[in-house]
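Contents: one structure, followed by commentary.
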Amino acid sequence: MASIAAPAQADELALRNEIDQYLLSLLRATLAGCLIANFLLGIADFLFEEVHHPRIGALRFALIGAVVALWKYTYARQAVRRAIPLCLLALALICVQIVGPAVMHGDLSSPVVLSIALVAAASTAAPWGVGGQLAAIAVTTLTTIGTMALGTGELHVALYAYPKAAAALVCGMSLYAAIVCRRIHLLSLQRGVALVGSAKILEAREEALARLNADLERRVQERTAQLEAANTRLEQESVERQQATEALRRNQRQLRDILDNTTAVIYLKDTAGRYLLINSQYENLFHVTRAQVVGQTDYDLFPQAAADAFRTNDRRVLVANHAISFEETVPQDDGNHTYVSVKFPLRDEHGMAYGVCGISTDITDLKRAETRILEHQAELSHVLRVHTIGEMAAGLAHEINQPLAAISNYARGCGNWIRSGDAPPGELLSAQEEIARQALRAGEIIRHLRSMVEKRAPTRETTELNAVVTEAARVVAGEIRQQGVTLSLDLASGLPPIQMDPIQIEQVIVNLLLNSLEAMREVNGRTHRVIVRTAQDCTHALEVVVQDTGSGLTPTVSEKMFDPFFTLKRSGLGMGLTISRSIVEGHGGRIWATNNPDGGAQVHVVLPSTTAEPAPGG
C-alpha cells in the first residue's frame with residue numbers, strides 16, 4: 001500500500017505545486033496590469049484638471065507602493081505556499097483602485113458593477129475552486145462596501161448602493177464557473193503532469209539506457225582491450241616458449257655433443273647407485289650401450305672389489321655434499337687403469353641431493369710416466385749422492401778414522417795394562433766400554449753412508465724435520481771442521497712431523513751445505529759461518545733456511561743456478577740444485593735463493609705441513 005500511496009501523494013503535490021505556480025504567474029500579470037493602470041490614471045489626473053482630486057493622487061501613490069511591494073514578494077521562496085492569500089490581497093487592492101476614485105467623484109453605481117465583474121472574472125481566471133472563490137467574493141464585497149463607506153462617510157448609503165440580488169446571482173454563477181474552471185484546469189494539469197511524468201520517466205529511462213549502453217560499450221571496449229592484450233601476451237609467450245624450447249633443444253644438443261666428444265668418462269647415478277646417464281666414451285670403453293646401463297648399478301657392471309670402491313666414494317660425496325676428487329682403479333680389457341674421478345652431488349630446487357655426477361679421466365699413461373720419472377729421478381739422486389760422498393771422501397775418512405783411532409788407542413792401552421799385571425779393574429772396564437762406544441759410532445757412520453749411497457725406491461714416512469737437519473749437519477761435520485767453518489743450528493721447537501722421504505730431504509740439505517762451503521772457500525777477510533734455521537710460517541708450512549757468508553749470488557748465477565748442468569765447481573756435475581728442486585717440488589714444496597743484506601746467500605726450502613701419500617709405485 002505504501003508503494004501505491006507514494007506515487008499518488010507525489011502526483012497531488014505536483015498538481016498543487018502547478019496550481020500555485022500558475023496563480024503566482026497570474027498574480028504577477030495582474031499586478032503588472034494594475035501598476036500600469038495606476039500610472040496611466042495618475043497621468044490622466046494631472047492632464048485633466050477637471051477630474052483631478054488631491055485624495056485620488058494620494059490613493060494612487062499608496063496603491064502603487066502596495067502593488068510594487070506585493071509584486072516583489074511574489075518572488076520570495078515562501079510565496080508559492082501562500083499563492084491564494086496573495087491573490088486575494090491583490091483582488092482587494094484592485095477593488096480599492098476601482099472603487100476609491102469613483103466614490104471620490106460621487107459615482108456609486110459603476111464601482112459596484114466593476115467589482116461584481118471582477119469577481120466573475122476571478123472565477124474563470126483563477127482556478128482556486130469553491131473556497132477560493134467564496135473568499136474572493138467576500139474580499140471583493142467587503143472591500144467595495146468598506147471603500148464606499150469611507151468615501152461617503154455613511155455605511156447605509158454604501159449598503160444601499162450595492163445591488164444585492166444582482167450581486168448574489170453573479171456570485172452564484174461565479175461559484176459554478178469557478179468549480180467548472182477548477183475541474184477543467186485540474187484535468188489539464190493532470191494530463192500535463194502525466195505527460196511530463198511520462199516524458200520524464202521516458203527521458204530517465206532513455207538516460208538510464210544510454211548510460212547502460214555507454215557502460216556496456218565501455219566494458220566491451222575494456223574487455224576487448226584486455227582480450228587483445230591477453231592475445232598479444234599469449235602470442236609473445238608462445239614465441240618466447242618456442243624460442244626457449246628451441247634454445248633448450250640446442251643446449252641439449254650442445255651438451256650431448258660435449259658429453260659424447262670428450263675423452264673423459266661422464267656418468268650420472270641416483271642416490272641408490274643406479275645409473276641415469278652415461279656418455280659415448282663410457283659406451284666405447286666398457287662395450288655397453290646406454291639402454292643396457294641405465295637402471296643398473298656398479299655391481300651389475302664391475303667386479304665386487306671395484307664396485308665396492310666406487311660405491312664407497314659415491315657415499316662420501318653424498319655425505320660431504322660437495323665435490324671430491326678420487327683416484328680409482330678400473331678394470332678394462334688390457335688390465336687395470338687408473339682414473340682421476342671428480343664426483344659431485346646434484347641437487348634439486350630444495351637443495352636436496354638426488355644424484356652423483358662423475359667425470360673420470362684416464363691417467364694410466366701419466367702414472368706410468370710419473371713412475372718412470374720418479375725412477376729416473378731416484379737414479380739421478382743416487383748418482384748425486386754417490387758423487388757427494390766422493391766429494392766428501394776426505395772428510396768422511398777423517399770422521400771414520402776418529403773412532404777407529406780411538407779404538408786402536410784404547411785397545412793398545414788395555415793390552416799394556418794386562419801385560420804389566422797391575423791393570424786397575426775399573427779403568428780397564430771403562431776403556432773397554434769406550435772401545436765399544438767408538439765401534440758403534442763408526443758403525444753408525446758407515447751405516448748412514450751406506451743408506452745414502454744405496455739404490456732404492458723413494459718412500460714417504462712421518463719424520464721430524466729437525467732430526468733430518470741434524471743428521472745432514474752430522475754428515476758434513478768433517479768437511480766443516482777441515483775448512484774451519486762455524487756451523488750454527490737454529491731449530492724451532494714444536495714443529496709437527498711431516499710426510500717425506502728423509503734420505504732425499506737430507507740429501508737436499510747436505511747439497512745446500514756443501515754449496516755454502518764451496519761459496520766461502522775463496523772468500524777472505526770474513527768469518528766463515530753457516531746458519532741453518534727451521535721455522536713454521538703463517539700457512540703452517542715448514543721452512544729450512546741455509547745461510548752462509550760467502551760471495552753471494554750474481555744475477556747470472558741467481559737466474560741459472562737451478563738449471564741442469566749449470567755449475568761453478570771445477571769437478572761439479574751441475575745437477576745438484578736441479579735434482580734438489582725436483583725433490584722439493586715432488587714433496588709439494590718450493591725452493592729459491594736470495595742474497596743476504598750483510599753478504600753471502602741464503603737458500604729457502606718450504607715443505608707443506610701435510611704431504612699426500614704417493615701413488616703405489618711412485
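A note on labels: chains of the C-alpha cells are A, B, ... as shown, every chain counts residues from 1, and ligands are counted from 1 in their shown order.
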Which polymer residues have any atom within 9 Å of an atom of Leu86 (chain A), counting only C-alpha atoms, with same-chain residues fewer than 2 positions away left out, as a tab-separated table (two decimals) with N, CA, C and O atoms, in the first residue's frame?
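Now in selection17.tsv:
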chain	number	residue	atom	x	y	z
A	24	LEU	N	0.61	32.26	-9.02
A	24	LEU	CA	1.64	33.30	-8.88
A	24	LEU	C	1.91	33.99	-10.21
A	24	LEU	O	2.08	35.22	-10.27
A	27	LEU	N	-0.96	36.22	-10.80
A	27	LEU	CA	-0.90	37.35	-9.88
A	27	LEU	C	0.11	38.39	-10.38
A	27	LEU	O	-0.17	39.61	-10.34
A	70	LEU	N	3.87	44.01	-3.16
A	70	LEU	CA	3.30	42.69	-3.35
A	70	LEU	C	3.95	41.96	-4.53
A	70	LEU	O	4.20	40.75	-4.48
A	74	THR	N	6.09	38.23	-4.47
A	74	THR	CA	5.75	37.00	-5.21
A	74	THR	C	6.98	36.20	-5.62
A	74	THR	O	6.87	35.01	-5.96
A	79	ALA	N	6.54	32.34	-1.13
A	79	ALA	CA	5.36	32.87	-1.83
A	79	ALA	C	4.54	31.76	-2.47
A	79	ALA	O	3.32	31.88	-2.62
A	82	ARG	N	1.84	30.47	-0.33
A	82	ARG	CA	0.83	31.50	0.04
A	82	ARG	C	0.24	32.15	-1.22
A	82	ARG	O	-0.08	33.34	-1.24
A	83	ALA	N	0.08	31.35	-2.26
A	83	ALA	CA	-0.37	31.92	-3.53
A	83	ALA	C	-1.81	32.45	-3.43
A	83	ALA	O	-2.12	33.56	-3.89
A	84	ILE	N	-2.75	31.67	-2.82
A	84	ILE	CA	-4.16	32.10	-2.75
A	84	ILE	C	-4.32	33.34	-1.88
A	84	ILE	O	-5.00	34.32	-2.29
A	88	LEU	N	-5.88	36.95	-3.19
A	88	LEU	CA	-6.99	37.66	-2.54
A	88	LEU	C	-6.57	39.07	-2.16
A	88	LEU	O	-7.36	40.03	-2.28
A	89	LEU	N	-5.33	39.25	-1.65
A	89	LEU	CA	-4.84	40.58	-1.32
A	89	LEU	C	-4.78	41.46	-2.57
A	89	LEU	O	-5.15	42.65	-2.53
A	90	ALA	N	-4.30	40.87	-3.66
A	90	ALA	CA	-4.26	41.63	-4.91
A	90	ALA	C	-5.67	42.01	-5.37
A	90	ALA	O	-5.90	43.11	-5.89
A	91	LEU	N	-6.62	41.09	-5.17
A	91	LEU	CA	-8.02	41.37	-5.55
A	91	LEU	C	-8.58	42.54	-4.73
A	91	LEU	O	-9.28	43.42	-5.26
At a cut-off of 12 Å, using only C-alpha atoms, what residues contact Ile258 (chain A)? Leave out same-chain residues fewer than 6 positions from it and give the result as a compact mmCIF listing (two decimals) with N, CA and C atoms, in the first residue's frame.
# COMPACT_ATOMS: atom_id res chain seq x y z
N ASN A 251 70.69 -26.33 -26.55
CA ASN A 251 71.59 -26.57 -25.42
C ASN A 251 71.75 -28.07 -25.14
N GLN A 252 70.63 -28.81 -25.29
CA GLN A 252 70.71 -30.25 -25.08
C GLN A 252 71.61 -30.90 -26.13
N ALA A 264 86.87 -37.84 -21.57
CA ALA A 264 86.60 -38.25 -20.20
C ALA A 264 85.35 -39.13 -20.16
N VAL A 265 85.28 -39.97 -19.14
CA VAL A 265 84.10 -40.80 -18.91
C VAL A 265 83.15 -40.02 -18.00
N ILE A 266 81.92 -39.77 -18.47
CA ILE A 266 80.95 -38.97 -17.72
C ILE A 266 79.72 -39.83 -17.46
N ASN A 279 77.96 -41.26 -21.13
CA ASN A 279 78.30 -40.67 -22.43
C ASN A 279 78.89 -41.74 -23.35
N SER A 280 79.25 -41.32 -24.57
CA SER A 280 79.74 -42.27 -25.57
C SER A 280 81.06 -42.89 -25.16
N GLN A 281 81.93 -42.12 -24.48
CA GLN A 281 83.21 -42.66 -24.05
C GLN A 281 83.01 -43.85 -23.10
Legend entry - Separation of CA of Gly132 (chain A) from CA of Gly146 (chain A) in Å: 20.6 Å
Inset, instruction - For CA of Ile407 (chain A) and CA of Leu429 (chain A), determine how far apart the two atoms are, in Å to one decimal place. - result: 13.8 Å
Inset, instruction - Provide the CA of His337 (chain A) to CA of Gly589 (chain A) distance in Å, to one decimal place. - result: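 That distance, rounded to one decimal, is 28.5 Å.
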Inset, instruction - Taking the chain letters and numbering used in this document, name the residues of region 205-368 of chain A that DSSP puts in alpha helix (DSSP H), as JSON, numbers by chain. - result: {"A": [205, 206, 207, 208, 209, 210, 211, 212, 213, 214, 215, 216, 217, 218, 219, 220, 221, 222, 223, 224, 225, 226, 227, 228, 229, 230, 231, 232, 233, 234, 235, 236, 237, 238, 239, 240, 241, 242, 243, 244, 245, 246, 247, 248, 249, 250, 251, 252, 253, 254, 255, 256, 257, 258, 259, 260, 261, 280, 281, 282, 283, 284, 285, 286, 290, 291, 292, 293, 298, 299, 300, 301, 304, 305, 306, 307, 308, 309, 310, 311, 312, 313, 314, 315, 316, 317, 318, 319, 320, 364, 365, 366, 367, 368]}
Legend entry - Nearest residue to Ser493 (chain A) from the set A:Ala309, A:Leu577, A:Leu542, A:Ala69 (distances using only C-alpha atoms):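 Once distances to Ser493 (chain A) are computed over only C-alpha atoms, the minimum belongs to A:Leu542.
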Inset, instruction - Point out the residue among A:Leu59, A:Met520, A:Ile583, A:Met561 with the least atom-to-atom distance to Gln507 (chain A), counting only C-alpha atoms. - result: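 Closest residue, counting only C-alpha atoms: A:Ile583.
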Legend entry - DSSP-assigned strand (DSSP E or B) members of region 457-544 of chain A, reported as a PyMOL selection string: chain A and resi 461-463+486-490+498-500+529-536+542-544
May I have the selected residues written with N, CA, C and O atoms, as a compact mmCIF listing (two decimals), in the first residue's frame?
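What follows is the written file out27.txt:
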# COMPACT_ATOMS: atom_id res chain seq x y z
N GLU A 461 107.54 -41.28 4.82
CA GLU A 461 107.26 -41.65 6.20
C GLU A 461 107.18 -40.39 7.03
O GLU A 461 107.70 -39.34 6.65
N THR A 462 106.50 -40.51 8.16
CA THR A 462 106.35 -39.36 9.05
C THR A 462 107.65 -39.15 9.80
O THR A 462 108.09 -40.02 10.56
N THR A 463 108.26 -37.98 9.60
CA THR A 463 109.61 -37.71 10.11
C THR A 463 109.68 -36.31 10.68
O THR A 463 109.02 -35.39 10.17
N THR A 486 132.25 -22.26 10.99
CA THR A 486 131.38 -22.39 12.16
C THR A 486 129.96 -22.73 11.68
O THR A 486 129.40 -22.02 10.83
N LEU A 487 129.40 -23.81 12.19
CA LEU A 487 128.04 -24.22 11.83
C LEU A 487 127.13 -24.00 13.02
O LEU A 487 127.41 -24.49 14.12
N SER A 488 126.01 -23.26 12.79
CA SER A 488 125.03 -22.99 13.85
C SER A 488 123.67 -23.55 13.40
O SER A 488 123.23 -23.31 12.27
N LEU A 489 123.06 -24.28 14.30
CA LEU A 489 121.72 -24.81 14.05
C LEU A 489 120.71 -24.05 14.91
O LEU A 489 120.78 -24.10 16.14
N ASP A 490 119.82 -23.33 14.25
CA ASP A 490 118.76 -22.59 14.95
C ASP A 490 117.44 -23.30 14.64
O ASP A 490 116.72 -22.93 13.70
N ILE A 498 106.15 -34.36 9.48
CA ILE A 498 105.52 -34.30 8.16
C ILE A 498 105.86 -35.56 7.38
O ILE A 498 106.81 -36.28 7.69
N GLN A 499 105.06 -35.81 6.32
CA GLN A 499 105.31 -36.92 5.42
C GLN A 499 106.40 -36.54 4.43
O GLN A 499 106.26 -35.58 3.69
N MET A 500 107.51 -37.31 4.42
CA MET A 500 108.58 -37.01 3.47
C MET A 500 109.49 -38.22 3.35
O MET A 500 109.42 -39.17 4.15
N ARG A 529 130.89 -18.75 8.21
CA ARG A 529 129.86 -19.24 9.11
C ARG A 529 128.64 -19.68 8.29
O ARG A 529 128.25 -19.01 7.33
N VAL A 530 128.08 -20.79 8.71
CA VAL A 530 126.84 -21.31 8.10
C VAL A 530 125.80 -21.43 9.20
O VAL A 530 126.07 -22.00 10.27
N ILE A 531 124.61 -20.89 8.90
CA ILE A 531 123.49 -20.97 9.85
C ILE A 531 122.35 -21.72 9.17
O ILE A 531 121.95 -21.39 8.04
N VAL A 532 121.83 -22.73 9.86
CA VAL A 532 120.66 -23.48 9.37
C VAL A 532 119.52 -23.23 10.35
O VAL A 532 119.64 -23.55 11.54
N ARG A 533 118.42 -22.66 9.81
CA ARG A 533 117.26 -22.35 10.64
C ARG A 533 116.05 -23.15 10.15
O ARG A 533 115.89 -23.37 8.94
N THR A 534 115.24 -23.52 11.10
CA THR A 534 113.93 -24.12 10.77
C THR A 534 112.84 -23.30 11.44
O THR A 534 113.04 -22.72 12.51
N ALA A 535 111.66 -23.25 10.80
CA ALA A 535 110.54 -22.47 11.32
C ALA A 535 109.25 -22.95 10.66
O ALA A 535 109.28 -23.76 9.72
N GLN A 536 108.13 -22.41 11.16
CA GLN A 536 106.81 -22.68 10.59
C GLN A 536 106.16 -21.35 10.26
O GLN A 536 106.08 -20.46 11.11
N LEU A 542 106.47 -25.82 6.75
CA LEU A 542 107.77 -25.83 7.43
C LEU A 542 108.84 -25.32 6.49
O LEU A 542 108.84 -25.65 5.30
N GLU A 543 109.75 -24.52 7.03
CA GLU A 543 110.77 -23.87 6.22
C GLU A 543 112.16 -24.18 6.78
O GLU A 543 112.38 -24.16 7.99
N VAL A 544 113.11 -24.46 5.86
CA VAL A 544 114.53 -24.63 6.19
C VAL A 544 115.29 -23.56 5.42
O VAL A 544 115.12 -23.43 4.20
